[in-house]
$ cat protein12.cif   # mmCIF, C-alpha atoms
data_structure
#
loop_
_atom_site.group_PDB
_atom_site.id
_atom_site.type_symbol
_atom_site.label_atom_id
_atom_site.label_comp_id
_atom_site.auth_asym_id
_atom_site.auth_seq_id
_atom_site.Cartn_x
_atom_site.Cartn_y
_atom_site.Cartn_z
ATOM 1 C CA MET A 1 -10.186 -18.178 19.424
ATOM 2 C CA LEU A 2 -6.699 -18.681 20.644
ATOM 3 C CA TRP A 3 -5.066 -16.412 18.065
ATOM 4 C CA VAL A 4 -7.366 -13.348 18.136
ATOM 5 C CA ASP A 5 -5.092 -10.324 18.663
ATOM 6 C CA TYR A 6 -2.191 -12.671 19.395
ATOM 7 C CA PRO A 7 0.332 -12.704 16.502
ATOM 8 C CA GLU A 8 2.647 -15.209 18.197
ATOM 9 C CA ALA A 9 -0.171 -17.759 18.268
ATOM 10 C CA LYS A 10 -0.817 -17.124 14.563
ATOM 11 C CA TRP A 11 2.844 -17.798 13.792
ATOM 12 C CA THR A 12 2.640 -20.994 15.824
ATOM 13 C CA GLY A 13 -0.491 -21.886 13.854
ATOM 14 C CA ILE A 14 1.458 -21.440 10.628
ATOM 15 C CA GLN A 15 4.307 -23.603 11.913
ATOM 16 C CA VAL A 16 1.970 -26.481 12.806
ATOM 17 C CA GLN A 17 -0.146 -25.864 9.681
ATOM 18 C CA ALA A 18 -3.343 -25.249 11.628
ATOM 19 C CA HIS A 19 -4.872 -23.577 8.574
ATOM 20 C CA GLN A 20 -4.445 -26.806 6.583
ATOM 21 C CA ARG A 21 -6.141 -28.803 9.305
ATOM 22 C CA LEU A 22 -9.022 -26.333 9.385
ATOM 23 C CA LEU A 23 -9.386 -26.473 5.599
ATOM 24 C CA PHE A 24 -10.155 -30.193 5.859
ATOM 25 C CA LEU A 25 -13.453 -29.152 7.478
ATOM 26 C CA ARG A 26 -14.643 -27.341 4.309
ATOM 27 C CA THR A 27 -16.743 -30.321 3.309
ATOM 28 C CA ASP A 28 -17.932 -31.377 6.750
ATOM 29 C CA PRO A 29 -21.608 -32.419 6.605
ATOM 30 C CA VAL A 30 -22.492 -30.241 9.617
ATOM 31 C CA ALA A 31 -23.083 -26.593 8.670
ATOM 32 C CA GLU A 32 -22.098 -25.312 12.102
ATOM 33 C CA VAL A 33 -18.690 -26.975 11.753
ATOM 34 C CA ARG A 34 -18.141 -25.332 8.350
ATOM 35 C CA ALA A 35 -19.227 -21.936 9.727
ATOM 36 C CA SER A 36 -16.937 -22.313 12.751
ATOM 37 C CA MET A 37 -14.039 -23.238 10.480
ATOM 38 C CA LEU A 38 -14.646 -20.064 8.457
ATOM 39 C CA HIS A 39 -14.768 -17.971 11.619
ATOM 40 C CA ALA A 40 -11.501 -19.498 12.833
ATOM 41 C CA LEU A 41 -9.809 -18.794 9.495
ATOM 42 C CA THR A 42 -11.147 -15.226 9.491
ATOM 43 C CA THR A 43 -9.532 -14.585 12.861
ATOM 44 C CA PHE A 44 -6.364 -16.270 11.562
ATOM 45 C CA LEU A 45 -5.976 -13.500 8.951
ATOM 46 C CA GLY A 46 -4.104 -10.405 9.958
ATOM 47 C CA ILE A 47 -0.603 -11.262 11.068
ATOM 48 C CA PRO A 48 0.938 -7.782 11.334
ATOM 49 C CA ASP A 49 4.108 -8.725 9.417
ATOM 50 C CA VAL A 50 2.887 -9.485 5.901
ATOM 51 C CA THR A 51 5.815 -11.513 4.650
ATOM 52 C CA PRO A 52 5.648 -13.283 1.282
ATOM 53 C CA GLN A 53 5.051 -16.542 3.180
ATOM 54 C CA VAL A 54 2.095 -15.071 5.084
ATOM 55 C CA ALA A 55 0.612 -13.545 1.932
ATOM 56 C CA GLN A 56 0.959 -16.856 0.071
ATOM 57 C CA ILE A 57 -0.722 -18.776 2.899
ATOM 58 C CA GLU A 58 -3.597 -16.295 3.175
ATOM 59 C CA GLU A 59 -4.110 -16.256 -0.606
ATOM 60 C CA SER A 60 -4.075 -20.054 -0.627
ATOM 61 C CA ILE A 61 -6.702 -20.149 2.116
ATOM 62 C CA ALA A 62 -8.907 -17.727 0.174
ATOM 63 C CA GLY A 63 -8.553 -19.769 -3.006
ATOM 64 C CA ASN A 64 -9.459 -22.974 -1.199
ATOM 65 C CA LEU A 65 -12.627 -21.390 0.183
ATOM 66 C CA LEU A 66 -14.021 -20.029 -3.089
ATOM 67 C CA PHE A 67 -16.174 -23.066 -3.827
ATOM 68 C CA MET A 68 -18.028 -22.534 -0.543
ATOM 69 C CA ALA A 69 -19.956 -19.668 -2.154
ATOM 70 C CA HIS A 70 -22.299 -22.408 -3.391
ATOM 71 C CA ASP A 71 -22.926 -23.771 0.104
ATOM 72 C CA GLY A 72 -26.608 -24.338 0.775
ATOM 73 C CA ASN A 73 -26.496 -22.990 4.310
ATOM 74 C CA SER A 74 -26.965 -19.244 4.753
ATOM 75 C CA MET A 75 -24.931 -19.190 7.979
ATOM 76 C CA VAL A 76 -21.938 -20.654 6.132
ATOM 77 C CA ARG A 77 -22.318 -18.166 3.277
ATOM 78 C CA LYS A 78 -22.477 -15.303 5.803
ATOM 79 C CA GLU A 79 -19.250 -16.440 7.463
ATOM 80 C CA LEU A 80 -17.675 -16.782 4.024
ATOM 81 C CA LEU A 81 -18.697 -13.200 3.250
ATOM 82 C CA VAL A 82 -17.104 -12.035 6.501
ATOM 83 C CA PHE A 83 -13.927 -13.949 5.613
ATOM 84 C CA PHE A 84 -13.660 -12.418 2.147
ATOM 85 C CA SER A 85 -14.507 -8.943 3.468
ATOM 86 C CA THR A 86 -11.625 -9.266 5.913
ATOM 87 C CA PHE A 87 -9.344 -10.659 3.203
ATOM 88 C CA VAL A 88 -10.148 -7.858 0.736
ATOM 89 C CA ALA A 89 -9.716 -5.191 3.426
ATOM 90 C CA ARG A 90 -6.314 -6.664 4.290
ATOM 91 C CA TYR A 91 -5.119 -6.654 0.674
ATOM 92 C CA ASP A 92 -7.130 -3.694 -0.638
ATOM 93 C CA ASN A 93 -4.102 -2.159 -2.354
ATOM 94 C CA LYS A 94 -3.612 -5.297 -4.476
ATOM 95 C CA PHE A 95 -7.294 -5.338 -5.406
ATOM 96 C CA VAL A 96 -7.195 -1.674 -6.453
ATOM 97 C CA VAL A 97 -4.144 -2.312 -8.652
ATOM 98 C CA ALA A 98 -5.769 -5.380 -10.225
ATOM 99 C CA ALA A 99 -8.996 -3.477 -10.916
ATOM 100 C CA PHE A 100 -7.056 -0.582 -12.458
ATOM 101 C CA LYS A 101 -5.114 -2.943 -14.739
ATOM 102 C CA GLN A 102 -8.354 -4.630 -15.789
ATOM 103 C CA LEU A 103 -9.917 -1.260 -16.630
ATOM 104 C CA GLN A 104 -6.850 -0.306 -18.664
ATOM 105 C CA GLU A 105 -7.035 -3.571 -20.619
ATOM 106 C CA GLU A 106 -10.730 -3.086 -21.326
ATOM 107 C CA ARG A 107 -10.160 0.512 -22.412
ATOM 108 C CA ASN A 108 -7.323 -0.527 -24.727
ATOM 109 C CA ALA A 109 -9.422 -3.346 -26.179
ATOM 110 C CA LEU A 110 -12.261 -0.941 -26.941
ATOM 111 C CA ARG A 111 -9.909 1.555 -28.605
ATOM 112 C CA LYS A 112 -8.147 -1.043 -30.734
ATOM 113 C CA PRO A 113 -9.759 -1.554 -34.168
ATOM 114 C CA HIS A 114 -11.475 -4.899 -34.524
ATOM 115 C CA ASP A 115 -9.638 -7.072 -37.052
ATOM 116 C CA GLY A 116 -12.135 -9.943 -37.050
ATOM 117 C CA ALA A 117 -9.917 -12.366 -35.146
ATOM 118 C CA ASP A 118 -11.764 -13.842 -32.196
ATOM 119 C CA VAL A 119 -8.915 -14.156 -29.706
ATOM 120 C CA ASN A 120 -10.709 -14.644 -26.420
ATOM 121 C CA GLY A 121 -14.272 -15.397 -27.436
ATOM 122 C CA ASP A 122 -15.498 -11.884 -26.633
ATOM 123 C CA ALA A 123 -14.000 -10.035 -29.596
ATOM 124 C CA HIS A 124 -17.351 -9.983 -31.381
ATOM 125 C CA LEU A 125 -18.794 -8.098 -28.398
ATOM 126 C CA ILE A 126 -16.013 -5.532 -28.489
ATOM 127 C CA GLY A 127 -16.549 -5.017 -32.190
ATOM 128 C CA ALA A 128 -20.296 -4.671 -31.680
ATOM 129 C CA ARG A 129 -19.855 -2.048 -28.967
ATOM 130 C CA SER A 130 -17.477 0.062 -31.024
ATOM 131 C CA SER A 131 -19.405 -0.151 -34.293
ATOM 132 C CA PRO A 132 -20.356 3.407 -35.354
ATOM 133 C CA GLN A 133 -23.200 2.357 -37.650
ATOM 134 C CA ASP A 134 -25.188 0.859 -34.761
ATOM 135 C CA GLY A 135 -25.507 4.249 -33.109
ATOM 136 C CA PHE A 136 -23.771 3.238 -29.888
#
$ encode --input "protein12.cif" --output "C-alpha coordinates"
Amino acid sequence: MLWVDYPEAKWTGIQVQAHQRLLFLRTDPVAEVRASMLHALTTFLGIPDVTPQVAQIEESIAGNLLFMAHDGNSMVRKELLVFFSTFVARYDNKFVVAAFKQLQEERNALRKPHDGADVNGDAHLIGARSSPQDGF
(Lines of atoms letter the chains of each structure in order from A and count residues from 1; the text may use other names and numbers.)
(Lines give C-alpha, C1' and ligand atoms only; values in the text may rest on other atoms or scores of the structure.)
Protein backbone atom coordinates (compact mmCIF):
# COMPACT_ATOMS: atom_id res chain seq x y z
CA MET A 1 0.00 0.00 0.00
CA LEU A 2 1.05 3.52 -0.65
CA TRP A 3 0.66 4.70 2.95
CA VAL A 4 2.34 1.86 4.90
CA ASP A 5 4.90 3.53 7.20
CA TYR A 6 4.36 6.81 5.37
CA PRO A 7 2.40 9.30 7.54
CA GLU A 8 2.44 12.05 4.89
CA ALA A 9 0.57 9.76 2.50
CA LYS A 10 -1.98 9.01 5.23
CA TRP A 11 -2.56 12.73 5.74
CA THR A 12 -2.99 13.13 1.99
CA GLY A 13 -5.45 10.23 2.10
CA ILE A 14 -7.44 12.06 4.77
CA GLN A 15 -7.44 15.27 2.72
CA VAL A 16 -8.82 13.51 -0.37
CA GLN A 17 -11.11 11.32 1.77
CA ALA A 18 -9.61 8.06 0.54
CA HIS A 19 -11.12 6.25 3.52
CA GLN A 20 -14.61 7.28 2.39
CA ARG A 21 -13.95 5.99 -1.10
CA LEU A 22 -12.70 2.70 0.31
CA LEU A 23 -15.76 2.37 2.55
CA PHE A 24 -17.96 2.31 -0.56
CA LEU A 25 -16.46 -1.12 -1.27
CA ARG A 26 -17.93 -2.63 1.94
CA THR A 27 -20.81 -4.13 0.00
CA ASP A 28 -18.94 -5.10 -3.15
CA PRO A 29 -20.15 -8.52 -4.39
CA VAL A 30 -16.57 -9.80 -4.76
CA ALA A 31 -15.11 -11.06 -1.47
CA GLU A 32 -11.53 -10.34 -2.52
CA VAL A 33 -12.43 -6.68 -3.08
CA ARG A 34 -13.98 -6.45 0.41
CA ALA A 35 -10.93 -8.16 1.96
CA SER A 36 -8.55 -5.84 0.09
CA MET A 37 -10.53 -2.82 1.25
CA LEU A 38 -10.20 -4.01 4.85
CA HIS A 39 -6.47 -4.53 4.43
CA ALA A 40 -6.08 -1.03 2.97
CA LEU A 41 -8.03 0.50 5.86
CA THR A 42 -5.98 -1.48 8.39
CA THR A 43 -2.77 -0.02 6.98
CA PHE A 44 -4.45 3.41 6.98
CA LEU A 45 -4.70 3.27 10.79
CA GLY A 46 -1.78 4.52 12.78
CA ILE A 47 -1.03 8.12 11.94
CA PRO A 48 1.53 8.98 14.64
CA ASP A 49 -0.16 12.27 15.59
CA VAL A 50 -3.51 11.22 17.06
CA THR A 51 -5.38 14.48 16.73
CA PRO A 52 -9.11 14.66 17.49
CA GLN A 53 -9.74 14.68 13.73
CA VAL A 54 -7.70 11.50 13.21
CA ALA A 55 -9.38 9.76 16.15
CA GLN A 56 -12.83 10.73 14.86
CA ILE A 57 -12.03 9.43 11.37
CA GLU A 58 -10.63 6.14 12.66
CA GLU A 59 -13.59 5.64 15.01
CA SER A 60 -15.96 6.39 12.14
CA ILE A 61 -14.21 3.82 9.95
CA ALA A 62 -14.48 1.20 12.70
CA GLY A 63 -18.17 1.94 13.21
CA ASN A 64 -18.87 1.65 9.50
CA LEU A 65 -17.19 -1.76 9.37
CA LEU A 66 -19.05 -3.38 12.27
CA PHE A 67 -21.77 -4.92 10.12
CA MET A 68 -19.12 -6.85 8.18
CA ALA A 69 -18.82 -9.28 11.10
CA HIS A 70 -21.76 -11.06 9.45
CA ASP A 71 -19.97 -11.43 6.12
CA GLY A 72 -20.25 -14.94 4.73
CA ASN A 73 -16.66 -15.09 3.53
CA SER A 74 -14.05 -16.25 6.03
CA MET A 75 -11.27 -14.27 4.33
CA VAL A 76 -13.25 -11.05 4.82
CA ARG A 77 -13.96 -11.89 8.46
CA LYS A 78 -10.25 -12.59 9.02
CA GLU A 79 -9.28 -9.21 7.57
CA LEU A 80 -11.96 -7.59 9.72
CA LEU A 81 -10.46 -9.27 12.78
CA VAL A 82 -7.03 -7.93 11.84
CA PHE A 83 -8.52 -4.45 11.41
CA PHE A 84 -10.23 -4.47 14.81
CA SER A 85 -7.15 -5.96 16.49
CA THR A 86 -5.11 -3.07 15.12
CA PHE A 87 -7.80 -0.56 16.10
CA VAL A 88 -8.07 -1.88 19.68
CA ALA A 89 -4.27 -1.96 20.07
CA ARG A 90 -4.11 1.66 18.89
CA TYR A 91 -6.76 2.84 21.36
CA ASP A 92 -6.18 0.31 24.15
CA ASN A 93 -6.19 2.99 26.84
CA LYS A 94 -9.73 4.07 25.87
CA PHE A 95 -10.92 0.46 25.89
CA VAL A 96 -9.44 -0.13 29.36
CA VAL A 97 -11.17 2.99 30.70
CA ALA A 98 -14.49 1.98 29.13
CA ALA A 99 -14.23 -1.55 30.55
CA PHE A 100 -13.40 -0.19 34.01
CA LYS A 101 -16.40 2.17 33.93
CA GLN A 102 -18.65 -0.69 32.84
CA LEU A 103 -17.40 -2.86 35.71
CA GLN A 104 -18.01 -0.03 38.17
CA GLU A 105 -21.57 0.41 36.89
CA GLU A 106 -22.26 -3.31 37.18
CA ARG A 107 -20.80 -3.43 40.68
CA ASN A 108 -22.90 -0.44 41.77
CA ALA A 109 -26.03 -1.97 40.24
CA LEU A 110 -25.47 -5.21 42.14
CA ARG A 111 -24.92 -3.37 45.43
CA LYS A 112 -27.97 -1.14 45.05
CA PRO A 113 -31.14 -2.62 46.60
CA HIS A 114 -33.70 -3.68 44.03
CA ASP A 115 -36.79 -1.46 44.25
CA GLY A 116 -38.87 -3.37 41.70
CA ALA A 117 -38.63 -0.74 38.97
CA ASP A 118 -37.49 -2.28 35.71
CA VAL A 119 -35.41 0.57 34.31
CA ASN A 120 -33.38 -1.10 31.60
CA GLY A 121 -35.07 -4.46 31.16
CA ASP A 122 -32.41 -6.33 33.14
CA ALA A 123 -33.38 -5.20 36.64
CA HIS A 124 -35.13 -8.50 37.33
CA LEU A 125 -31.82 -10.28 36.66
CA ILE A 126 -29.97 -8.03 39.08
CA GLY A 127 -32.58 -8.64 41.73
CA ALA A 128 -32.42 -12.39 41.13
CA ARG A 129 -28.64 -12.46 41.47
CA SER A 130 -28.63 -10.51 44.73
CA SER A 131 -31.53 -12.36 46.35
CA PRO A 132 -30.26 -13.96 49.59
CA GLN A 133 -33.03 -16.56 49.83
CA ASP A 134 -31.96 -18.23 46.58
CA GLY A 135 -28.62 -19.19 48.07
CA PHE A 136 -26.54 -17.30 45.51
$ residues_around --input "protein12.cif" --residues "range 66-68 of chain A" --least-positions-apart "4" --cutoff "10 Å" --atoms "only C-alpha atoms" --output "list in words"
Arg26, Thr27, Arg34, Leu38, Ile61, Ala62, Gly72, Asn73, Val76, Arg77, Leu80 and Phe84 of chain A
$ resolve_selection --input "protein12.cif" --expression "the PyMOL selection byres ((chain A and resi 48) around 12)" --output "MDAnalysis selection string"
chainID A and resid 5:8 10:11 44:47 49:51 54:55 90
$ closest_residue --input "protein12.cif" --among "A:Gln56, A:Val30, A:Met37, A:Ala9" --to "Tyr91 in chain A" --atoms "only C-alpha atoms"
A:Gln56
$ closest_residue --input "protein12.cif" --among "A:Glu79, A:Gln102, A:Val97, A:Ala69" --to "Leu41 in chain A" --atoms "only C-alpha atoms"
A:Glu79
$ atom_distance --input "protein12.cif" --atom1 "CA of Glu59 in chain A" --atom2 "CA of Asn93 in chain A"
14.2 Å
$ closest_residue --input "protein12.cif" --among "A:Ile57, A:His70, A:Pro113, A:Ala35" --to "Ala18 in chain A" --atoms "all atoms listed in the file"
A:Ile57
$ closest_residue --input "protein12.cif" --among "A:Leu110, A:Leu23, A:Met75, A:Leu2" --to "Gly63 in chain A" --atoms "only C-alpha atoms"
A:Leu23
$ axis_aligned_box --input "protein12.cif" --around "range 35-52 of chain A" --padding-each-side "4 Å" --output "JSON"
{"center_x": -6.7, "center_y": -15.5, "center_z": 7.1, "size_x": 33.0, "size_y": 23.5, "size_z": 19.6}
$ atom_distance --input "protein12.cif" --atom1 "CA of Asn64 in chain A" --atom2 "CA of Leu22 in chain A"
11.1 Å
$ atom_distance --input "protein12.cif" --atom1 "CA of Trp3 in chain A" --atom2 "CA of Val96 in chain A"
28.7 Å
$ closest_residue --input "protein12.cif" --among "A:Phe95, A:Ile14, A:Glu58, A:Phe24" --to "Phe83 in chain A" --atoms "all atoms listed in the file"
A:Glu58
